[in-house]
Amino acid sequence: MSKETVDARGLLCPMPVIRLQDAAKDLPAGMEVELIGTDPGILNDVPAWCRINGHQIQDSWRQGDEYHVLLTVGE
């Protein structure tokens, strides 16, 4: 299965999570999604959103001025 990328660079909370939510709602369970943003808050906001919505965080990291969160869409 391929990976979906959500570009939230330049957006501040809560917009990265809203972009992620909009993308994930149409994806099948098991699909990987990578969120890329410049707001360090996504490293806290996205895991909280995933717990509430049944998605699974696979990894998160900083690369230069960008923050990445890789998750798998739940049921």
# chains A, B, ... in the order shown; residues from 1 in each chain; ligands from 1

$ closest_atom_pairs --of "region 23-61 of chain A" --to "region 8-19 of chain A" --cutoff "8 Å" --atoms "only C-alpha atoms" --output "JSON lines"
{"residue": "A:Ala23", "atom": "CA", "partner": "A:Arg19", "partner_atom": "CA", "distance": 6.3}
{"residue": "A:Leu35", "atom": "CA", "partner": "A:Ala8", "partner_atom": "CA", "distance": 6.9}
{"residue": "A:Ile36", "atom": "CA", "partner": "A:Ala8", "partner_atom": "CA", "distance": 5.7}
{"residue": "A:Gly37", "atom": "CA", "partner": "A:Arg9", "partner_atom": "CA", "distance": 4.1}
{"residue": "A:Thr38", "atom": "CA", "partner": "A:Arg9", "partner_atom": "CA", "distance": 5.0}
{"residue": "A:Asp39", "atom": "CA", "partner": "A:Leu12", "partner_atom": "CA", "distance": 5.8}
{"residue": "A:Gly41", "atom": "CA", "partner": "A:Cys13", "partner_atom": "CA", "distance": 7.0}
{"residue": "A:Ile42", "atom": "CA", "partner": "A:Pro16", "partner_atom": "CA", "distance": 7.1}
{"residue": "A:Asp45", "atom": "CA", "partner": "A:Val17", "partner_atom": "CA", "distance": 7.2}
{"residue": "A:Val46", "atom": "CA", "partner": "A:Val17", "partner_atom": "CA", "distance": 6.4}
{"residue": "A:Trp49", "atom": "CA", "partner": "A:Val17", "partner_atom": "CA", "distance": 7.6}

$ residues_around --residues "Gln58 (chain A)" --least-positions-apart "3" --cutoff "8 Å" --atoms "only C-alpha atoms" --output "MDAnalysis selection string"
chainID A and resid 69:72

$ write_last_selection --atoms "C-alpha atoms" --output "mmCIF file, in the first residue's frame"
data_model
loop_
_atom_site.group_PDB
_atom_site.id
_atom_site.type_symbol
_atom_site.label_atom_id
_atom_site.label_comp_id
_atom_site.auth_asym_id
_atom_site.auth_seq_id
_atom_site.Cartn_x
_atom_site.Cartn_y
_atom_site.Cartn_z
ATOM 1 C CA VAL A 69 4.892 12.361 11.910
ATOM 2 C CA LEU A 70 4.265 8.973 10.320
ATOM 3 C CA LEU A 71 1.051 7.209 11.257
ATOM 4 C CA THR A 72 -1.141 4.331 10.198
#

$ closest_residue --among "A:Leu27, A:Glu75, A:Ser60, A:Glu66" --to "Ser2 (chain A)" --atoms "only C-alpha atoms"
A:Leu27
